[in-house]
Amino acid sequence: MMMLWDAVTDIVLYGSWGILFYRLLLLLEPKASYRFTRWQWRQAAVCVLPFLLWRALIGYYIPIQRFFLGEQSIYQSSRTILTTGLGLLILFLSGCFLHGGKKRQILYLTLLFGALSEMLRFGFYCLTIWFPNGAMDFFLNRIENGSMEVDRFYQMASVVQIVWILVYILLYLGSLTVLVHCVRQAYLAAGRLPQGRELLYLTASPLISLGFGILMRSIMLIYRQGEIYSIFDENRGLYLLIPAIAALCIGMMMGSVRTFSHIVEEERKKSELLIYQGRLEDMEQYVGDLERMQDGIRGMKHDIRNYMEDIRALMALGEDSQAQKELNGYLSGMERTLKEFNVRYKTGNPVTDVLLNRYMVEARELGAFADWAFSFPGELNIDPFDMSIILNNGLNNALESLRKLPKEQRWVTLRGLSQGKMFLLEIKNAAQGGAQVTPDLGMKNMMRCAEKYCGHMDWGLMEGEFRLTVFLQGGGDNSDIDL
């Protein structure tokens, strides 16, 4: 009966363990649904079944049990260090099988999960072990007093053990489920898992906690000269001290996770602020361009009235050659005025229309050759002001670079290519050879806009030519995408 109970509790405990670890691995798939699909249950089985098989070999196959735990495996807690480490290794390999290209992040999640599990084990063990120990002492006293039979003692001991294991498993799995959920929520809020040096910082707390777990397994129960020695026998205060240390370790790990999530969230807010600031500046420029155009149009209307009066007067003079010459001069002046306010580049969006025409005027004032081949990709749901941030900063940097060159060497080109749900923007301009290109605030804003649309930005300087390439993906509503 007890063997069946042990088998059931092992399946529940370690099966739940594998499923909870798989839930952590779902952080590597941010778009995974909260409820398990049939495919996800199959993936979870990759984590659960190998670990259950390993625990079954350790618990029930005598040769394996003796090899790893020795003859006194029940009492030698230090021998469980290796088996626990191998269990974490199995979980790590299962994660690598499912997500082979993200080994560092899988290793971090494995260490974090193992450390949280170890701290909960020791904490709840110390907090609940008083119940079976006290019950056993009470029953032994009754046997000594003759008020309880030995058979009854074994029955009551089995009941106490079952109740204690049930309470321990419920507390342990319940708390581990809550912690895994909190870790998931923190990293989902951050939008990503740690990378690079971030992993080194966040892995420190799980390693410290696992070190404490190894220390506890080394000294908790020792079998020496036929007797069992426990660190709690002469140090009752450890029943409270160890859970307190375990709670501090859990707080340290969860605190580091929350700190990382908070930092990433603050960076996102800062990025959004910079994007909105760039949008506001572009809107101000757009409004300024429109105001200048309106002022010019009002002035042109006033001049046209005067032109019309003069034309009437000149036409009244008939075929006079001087009058015809004056008339042709007036008509040429009107043509030049109209050209000044003609919108040469029509991109399909008024924001980029005004922007590209303004930069064309600036390029001509610099005496530079400029050529735009750009059409706004309206079908990709890209915000015009996000596009204006990219164009503004890219073309402004290009013109600033041209100012450092002789007039005969100044040139700049703009190309935009749309294919399916993808859009490629390329700006090329002449540049000084050997110049250092470092990302400034404008380029960082451009990178944030590219990341908003699941794209990226590249740049490089080669043989006197600077090339800036921005790749964007559209096709959906990106207005609510977190930066």
# chains A, B, ... in the order shown; residues from 1 in each chain; ligands from 1
>>> residues_around(residues="Ala7 in chain A", least_positions_apart="5", cutoff="12 Å", atoms="only C-alpha atoms", output="list in words")
Met1, Met2, Val12, Leu13, Tyr14, Gly15, Leu52, Leu53, Arg55, Ala56, Leu57, Gly59 and Tyr60 of chain A
>>> write_last_selection(atoms="N, CA and C atoms", output="mmCIF file, in the first residue's frame")
data_model
loop_
_atom_site.group_PDB
_atom_site.id
_atom_site.type_symbol
_atom_site.label_atom_id
_atom_site.label_comp_id
_atom_site.auth_asym_id
_atom_site.auth_seq_id
_atom_site.Cartn_x
_atom_site.Cartn_y
_atom_site.Cartn_z
ATOM 1 N N MET A 1 0.822 -1.209 0.000
ATOM 2 C CA MET A 1 0.000 0.000 0.000
ATOM 3 C C MET A 1 0.858 1.262 0.000
ATOM 4 N N MET A 2 1.878 1.274 0.872
ATOM 5 C CA MET A 2 2.745 2.433 0.960
ATOM 6 C C MET A 2 3.561 2.603 -0.314
ATOM 7 N N VAL A 12 2.807 12.548 -9.255
ATOM 8 C CA VAL A 12 2.195 13.871 -9.108
ATOM 9 C C VAL A 12 3.262 14.941 -8.915
ATOM 10 N N LEU A 13 4.221 14.669 -8.006
ATOM 11 C CA LEU A 13 5.237 15.660 -7.667
ATOM 12 C C LEU A 13 6.136 15.972 -8.856
ATOM 13 N N TYR A 14 6.741 14.934 -9.429
ATOM 14 C CA TYR A 14 7.725 15.170 -10.479
ATOM 15 C C TYR A 14 7.079 15.432 -11.836
ATOM 16 N N GLY A 15 5.850 14.923 -12.043
ATOM 17 C CA GLY A 15 5.128 15.290 -13.256
ATOM 18 C C GLY A 15 4.773 16.769 -13.252
ATOM 19 N N LEU A 52 10.566 11.777 -15.121
ATOM 20 C CA LEU A 52 9.871 10.722 -14.378
ATOM 21 C C LEU A 52 10.626 9.403 -14.467
ATOM 22 N N LEU A 53 11.154 9.091 -15.631
ATOM 23 C CA LEU A 53 11.928 7.865 -15.793
ATOM 24 C C LEU A 53 13.165 7.889 -14.895
ATOM 25 N N ARG A 55 13.599 9.588 -12.049
ATOM 26 C CA ARG A 55 13.191 9.438 -10.647
ATOM 27 C C ARG A 55 12.749 8.005 -10.348
ATOM 28 N N ALA A 56 12.125 7.342 -11.338
ATOM 29 C CA ALA A 56 11.728 5.952 -11.130
ATOM 30 C C ALA A 56 12.953 5.060 -10.976
ATOM 31 N N LEU A 57 13.986 5.283 -11.766
ATOM 32 C CA LEU A 57 15.214 4.495 -11.646
ATOM 33 C C LEU A 57 15.880 4.730 -10.294
ATOM 34 N N GLY A 59 14.405 5.754 -7.537
ATOM 35 C CA GLY A 59 13.572 5.357 -6.402
ATOM 36 C C GLY A 59 13.266 3.876 -6.316
ATOM 37 N N TYR A 60 13.263 3.177 -7.471
ATOM 38 C CA TYR A 60 12.739 1.821 -7.446
ATOM 39 C C TYR A 60 13.653 0.780 -8.074
#
>>> residues_around(residues="Leu27 in chain A", least_positions_apart="6", cutoff="10 Å", atoms="only C-alpha atoms", output="tab-separated table (two decimals) with N, CA and C atoms, in the first residue's frame")
chain	number	residue	atom	x	y	z
A	105	GLN	N	19.94	31.00	-22.31
A	105	GLN	CA	18.69	31.35	-21.63
A	105	GLN	C	18.05	30.10	-21.01
A	106	ILE	N	18.16	28.96	-21.69
A	106	ILE	CA	17.63	27.71	-21.11
A	106	ILE	C	18.40	27.35	-19.85
A	109	LEU	N	17.14	29.58	-17.06
A	109	LEU	CA	15.81	29.17	-16.58
A	109	LEU	C	15.90	27.87	-15.78
A	183	VAL	N	7.40	34.78	-12.15
A	183	VAL	CA	8.54	34.92	-13.06
A	183	VAL	C	8.04	35.12	-14.48
A	184	ARG	N	7.07	34.34	-14.89
A	184	ARG	CA	6.53	34.48	-16.24
A	184	ARG	C	5.93	35.87	-16.45
A	185	GLN	N	5.15	36.34	-15.49
A	185	GLN	CA	4.52	37.65	-15.63
A	185	GLN	C	5.57	38.76	-15.72
A	187	TYR	N	8.72	38.55	-16.84
A	187	TYR	CA	9.43	38.55	-18.12
A	187	TYR	C	8.49	38.84	-19.29
A	188	LEU	N	7.22	38.47	-19.17
A	188	LEU	CA	6.27	38.85	-20.22
A	188	LEU	C	6.05	40.36	-20.22
A	191	GLY	N	8.90	41.84	-21.90
A	191	GLY	CA	8.86	41.62	-23.34
A	191	GLY	C	10.00	40.77	-23.86
A	192	ARG	N	10.92	40.38	-23.00
A	192	ARG	CA	12.05	39.56	-23.45
A	192	ARG	C	12.75	38.95	-22.24
A	193	LEU	N	13.57	37.95	-22.52
A	193	LEU	CA	14.43	37.35	-21.50
A	193	LEU	C	15.77	38.07	-21.47
>>> residues_around(residues="Ala430 in chain A", least_positions_apart="4", cutoff="9 Å", atoms="only C-alpha atoms", output="list of chain:residue names")
A:Ala398, A:Ser401, A:Leu402, A:Leu405, A:Gln409, A:Arg410, A:Trp411, A:Val412, A:Gly464, A:Glu465, A:Phe466
>>> atom_distance(atom1="CA of Met119 in chain A", atom2="CA of Ala246 in chain A")
4.9 Å
>>> select_by_dssp(residues="range 80-255 of chain A", states="strand (DSSP E or B)", output="list in words")
Leu221, Ile222, Tyr223, Arg224, Glu227, Ile228, Tyr229 and Ser230 of chain A
>>> write_last_selection(atoms="N, CA, C and O atoms", output="mmCIF file, in the first residue's frame")
data_model
loop_
_atom_site.group_PDB
_atom_site.id
_atom_site.type_symbol
_atom_site.label_atom_id
_atom_site.label_comp_id
_atom_site.auth_asym_id
_atom_site.auth_seq_id
_atom_site.Cartn_x
_atom_site.Cartn_y
_atom_site.Cartn_z
ATOM 1 N N LEU A 221 21.507 15.280 7.021
ATOM 2 C CA LEU A 221 21.391 13.938 7.605
ATOM 3 C C LEU A 221 22.663 13.154 7.321
ATOM 4 O O LEU A 221 23.064 13.018 6.160
ATOM 5 N N ILE A 222 23.292 12.635 8.369
ATOM 6 C CA ILE A 222 24.546 11.889 8.231
ATOM 7 C C ILE A 222 24.394 10.556 8.954
ATOM 8 O O ILE A 222 23.920 10.503 10.096
ATOM 9 N N TYR A 223 24.811 9.487 8.278
ATOM 10 C CA TYR A 223 24.791 8.152 8.882
ATOM 11 C C TYR A 223 26.226 7.805 9.283
ATOM 12 O O TYR A 223 27.110 7.705 8.432
ATOM 13 N N ARG A 224 26.430 7.631 10.602
ATOM 14 C CA ARG A 224 27.781 7.381 11.109
ATOM 15 C C ARG A 224 27.726 6.348 12.239
ATOM 16 O O ARG A 224 26.997 6.542 13.209
ATOM 17 N N GLU A 227 24.362 5.076 13.443
ATOM 18 C CA GLU A 227 23.406 6.038 13.983
ATOM 19 C C GLU A 227 23.178 7.175 12.995
ATOM 20 O O GLU A 227 24.028 7.497 12.173
ATOM 21 N N ILE A 228 22.003 7.784 13.128
ATOM 22 C CA ILE A 228 21.628 8.903 12.260
ATOM 23 C C ILE A 228 21.856 10.199 13.025
ATOM 24 O O ILE A 228 21.367 10.373 14.138
ATOM 25 N N TYR A 229 22.614 11.091 12.394
ATOM 26 C CA TYR A 229 22.863 12.395 12.988
ATOM 27 C C TYR A 229 22.175 13.458 12.129
ATOM 28 O O TYR A 229 22.329 13.484 10.904
ATOM 29 N N SER A 230 21.428 14.335 12.769
ATOM 30 C CA SER A 230 20.744 15.425 12.079
ATOM 31 C C SER A 230 21.211 16.753 12.663
ATOM 32 O O SER A 230 21.450 16.870 13.871
#
>>> atom_distance(atom1="CA of Ile58 in chain A", atom2="CA of Pro206 in chain A")
25.1 Å
>>> atom_distance(atom1="CA of Leu472 in chain A", atom2="CA of Asn393 in chain A")
16.1 Å
>>> closest_residue(among="A:Ile382, A:Leu274, A:Leu120, A:Met387", to="Gly474 in chain A", atoms="only C-alpha atoms")
A:Ile382
>>> closest_residue(among="A:Lys404, A:Lys270, A:His456, A:Arg467", to="Asn429 in chain A", atoms="only C-alpha atoms")
A:Arg467
>>> closest_residue(among="A:Phe97, A:Phe21, A:Phe36, A:Phe122", to="Ala244 in chain A", atoms="only C-alpha atoms")
A:Phe122
>>> residues_around(residues="range 216-219 of chain A", least_positions_apart="5", cutoff="12 Å", atoms="only C-alpha atoms", output="ChimeraX atom specification")
/A:75-85,118-119,121-123,125-126,209-211,228-232,238,242-243,245-246
>>> write_last_selection(atoms="N, CA and C atoms", output="PDB file, in the first residue's frame")
ATOM      1  N   TYR A  75      19.489   7.761   4.647  1.00  0.00           N
ATOM      2  CA  TYR A  75      20.049   8.639   5.680  1.00  0.00           C
ATOM      3  C   TYR A  75      21.154   9.561   5.168  1.00  0.00           C
ATOM      4  N   GLN A  76      21.782   9.219   4.035  1.00  0.00           N
ATOM      5  CA  GLN A  76      22.909  10.004   3.548  1.00  0.00           C
ATOM      6  C   GLN A  76      22.392  11.119   2.629  1.00  0.00           C
ATOM      7  N   SER A  77      22.046  12.256   3.204  1.00  0.00           N
ATOM      8  CA  SER A  77      21.504  13.342   2.392  1.00  0.00           C
ATOM      9  C   SER A  77      22.527  13.889   1.415  1.00  0.00           C
ATOM     10  N   SER A  78      23.809  13.768   1.723  1.00  0.00           N
ATOM     11  CA  SER A  78      24.838  14.305   0.831  1.00  0.00           C
ATOM     12  C   SER A  78      24.867  13.576  -0.507  1.00  0.00           C
ATOM     13  N   ARG A  79      24.408  12.324  -0.518  1.00  0.00           N
ATOM     14  CA  ARG A  79      24.428  11.564  -1.769  1.00  0.00           C
ATOM     15  C   ARG A  79      23.340  12.020  -2.746  1.00  0.00           C
ATOM     16  N   THR A  80      22.406  12.813  -2.275  1.00  0.00           N
ATOM     17  CA  THR A  80      21.346  13.301  -3.168  1.00  0.00           C
ATOM     18  C   THR A  80      21.806  14.508  -3.991  1.00  0.00           C
ATOM     19  N   ILE A  81      22.993  15.040  -3.699  1.00  0.00           N
ATOM     20  CA  ILE A  81      23.487  16.198  -4.460  1.00  0.00           C
ATOM     21  C   ILE A  81      23.655  15.821  -5.924  1.00  0.00           C
ATOM     22  N   LEU A  82      24.274  14.652  -6.163  1.00  0.00           N
ATOM     23  CA  LEU A  82      24.520  14.222  -7.537  1.00  0.00           C
ATOM     24  C   LEU A  82      23.215  13.937  -8.269  1.00  0.00           C
ATOM     25  N   THR A  83      22.292  13.255  -7.610  1.00  0.00           N
ATOM     26  CA  THR A  83      21.030  12.926  -8.281  1.00  0.00           C
ATOM     27  C   THR A  83      20.222  14.180  -8.595  1.00  0.00           C
ATOM     28  N   THR A  84      20.250  15.152  -7.679  1.00  0.00           N
ATOM     29  CA  THR A  84      19.543  16.405  -7.939  1.00  0.00           C
ATOM     30  C   THR A  84      20.173  17.145  -9.114  1.00  0.00           C
ATOM     31  N   GLY A  85      21.511  17.165  -9.160  1.00  0.00           N
ATOM     32  CA  GLY A  85      22.201  17.808 -10.283  1.00  0.00           C
ATOM     33  C   GLY A  85      21.903  17.134 -11.606  1.00  0.00           C
ATOM     34  N   GLU A 118      14.633  24.106  -4.756  1.00  0.00           N
ATOM     35  CA  GLU A 118      15.440  23.715  -3.602  1.00  0.00           C
ATOM     36  C   GLU A 118      15.086  24.535  -2.363  1.00  0.00           C
ATOM     37  N   MET A 119      14.941  25.844  -2.540  1.00  0.00           N
ATOM     38  CA  MET A 119      14.635  26.693  -1.388  1.00  0.00           C
ATOM     39  C   MET A 119      13.259  26.366  -0.804  1.00  0.00           C
ATOM     40  N   ARG A 121      11.794  23.427  -0.987  1.00  0.00           N
ATOM     41  CA  ARG A 121      11.925  22.109  -0.347  1.00  0.00           C
ATOM     42  C   ARG A 121      12.430  22.250   1.084  1.00  0.00           C
ATOM     43  N   PHE A 122      13.567  22.955   1.234  1.00  0.00           N
ATOM     44  CA  PHE A 122      14.149  23.075   2.565  1.00  0.00           C
ATOM     45  C   PHE A 122      13.273  23.914   3.486  1.00  0.00           C
ATOM     46  N   GLY A 123      12.685  24.963   2.940  1.00  0.00           N
ATOM     47  CA  GLY A 123      11.840  25.805   3.774  1.00  0.00           C
ATOM     48  C   GLY A 123      10.645  25.060   4.321  1.00  0.00           C
ATOM     49  N   TYR A 125      10.175  21.808   4.386  1.00  0.00           N
ATOM     50  CA  TYR A 125      10.587  20.640   5.173  1.00  0.00           C
ATOM     51  C   TYR A 125      10.794  21.032   6.637  1.00  0.00           C
ATOM     52  N   CYS A 126      11.514  22.132   6.843  1.00  0.00           N
ATOM     53  CA  CYS A 126      11.786  22.563   8.219  1.00  0.00           C
ATOM     54  C   CYS A 126      10.531  23.049   8.927  1.00  0.00           C
ATOM     55  N   SER A 209      21.817  30.444  -4.317  1.00  0.00           N
ATOM     56  CA  SER A 209      20.772  29.621  -3.686  1.00  0.00           C
ATOM     57  C   SER A 209      21.076  28.135  -3.835  1.00  0.00           C
ATOM     58  N   LEU A 210      21.529  27.726  -5.017  1.00  0.00           N
ATOM     59  CA  LEU A 210      21.889  26.319  -5.213  1.00  0.00           C
ATOM     60  C   LEU A 210      23.085  25.946  -4.348  1.00  0.00           C
ATOM     61  N   GLY A 211      24.011  26.888  -4.155  1.00  0.00           N
ATOM     62  CA  GLY A 211      25.137  26.627  -3.248  1.00  0.00           C
ATOM     63  C   GLY A 211      24.670  26.380  -1.837  1.00  0.00           C
ATOM     64  N   ILE A 228      22.003   7.784  13.128  1.00  0.00           N
ATOM     65  CA  ILE A 228      21.628   8.903  12.260  1.00  0.00           C
ATOM     66  C   ILE A 228      21.856  10.199  13.025  1.00  0.00           C
ATOM     67  N   TYR A 229      22.614  11.091  12.394  1.00  0.00           N
ATOM     68  CA  TYR A 229      22.863  12.395  12.988  1.00  0.00           C
ATOM     69  C   TYR A 229      22.175  13.458  12.129  1.00  0.00           C
ATOM     70  N   SER A 230      21.428  14.335  12.769  1.00  0.00           N
ATOM     71  CA  SER A 230      20.744  15.425  12.079  1.00  0.00           C
ATOM     72  C   SER A 230      21.211  16.753  12.663  1.00  0.00           C
ATOM     73  N   ILE A 231      21.350  17.751  11.804  1.00  0.00           N
ATOM     74  CA  ILE A 231      21.791  19.063  12.297  1.00  0.00           C
ATOM     75  C   ILE A 231      20.738  19.701  13.189  1.00  0.00           C
ATOM     76  N   PHE A 232      19.506  19.166  13.151  1.00  0.00           N
ATOM     77  CA  PHE A 232      18.446  19.745  13.961  1.00  0.00           C
ATOM     78  C   PHE A 232      18.428  19.190  15.387  1.00  0.00           C
ATOM     79  N   LEU A 238      17.458  25.960  14.058  1.00  0.00           N
ATOM     80  CA  LEU A 238      17.597  25.828  12.608  1.00  0.00           C
ATOM     81  C   LEU A 238      16.259  25.569  11.926  1.00  0.00           C
ATOM     82  N   ILE A 242      16.689  28.114   8.847  1.00  0.00           N
ATOM     83  CA  ILE A 242      16.800  27.642   7.465  1.00  0.00           C
ATOM     84  C   ILE A 242      15.649  28.146   6.596  1.00  0.00           C
ATOM     85  N   PRO A 243      14.380  28.085   7.042  1.00  0.00           N
ATOM     86  CA  PRO A 243      13.312  28.689   6.228  1.00  0.00           C
ATOM     87  C   PRO A 243      13.513  30.188   6.008  1.00  0.00           C
ATOM     88  N   ILE A 245      16.449  31.756   5.782  1.00  0.00           N
ATOM     89  CA  ILE A 245      17.473  31.898   4.746  1.00  0.00           C
ATOM     90  C   ILE A 245      16.906  31.534   3.371  1.00  0.00           C
ATOM     91  N   ALA A 246      16.099  30.468   3.339  1.00  0.00           N
ATOM     92  CA  ALA A 246      15.480  30.066   2.071  1.00  0.00           C
ATOM     93  C   ALA A 246      14.572  31.174   1.536  1.00  0.00           C
TER      94      ALA A 246
END
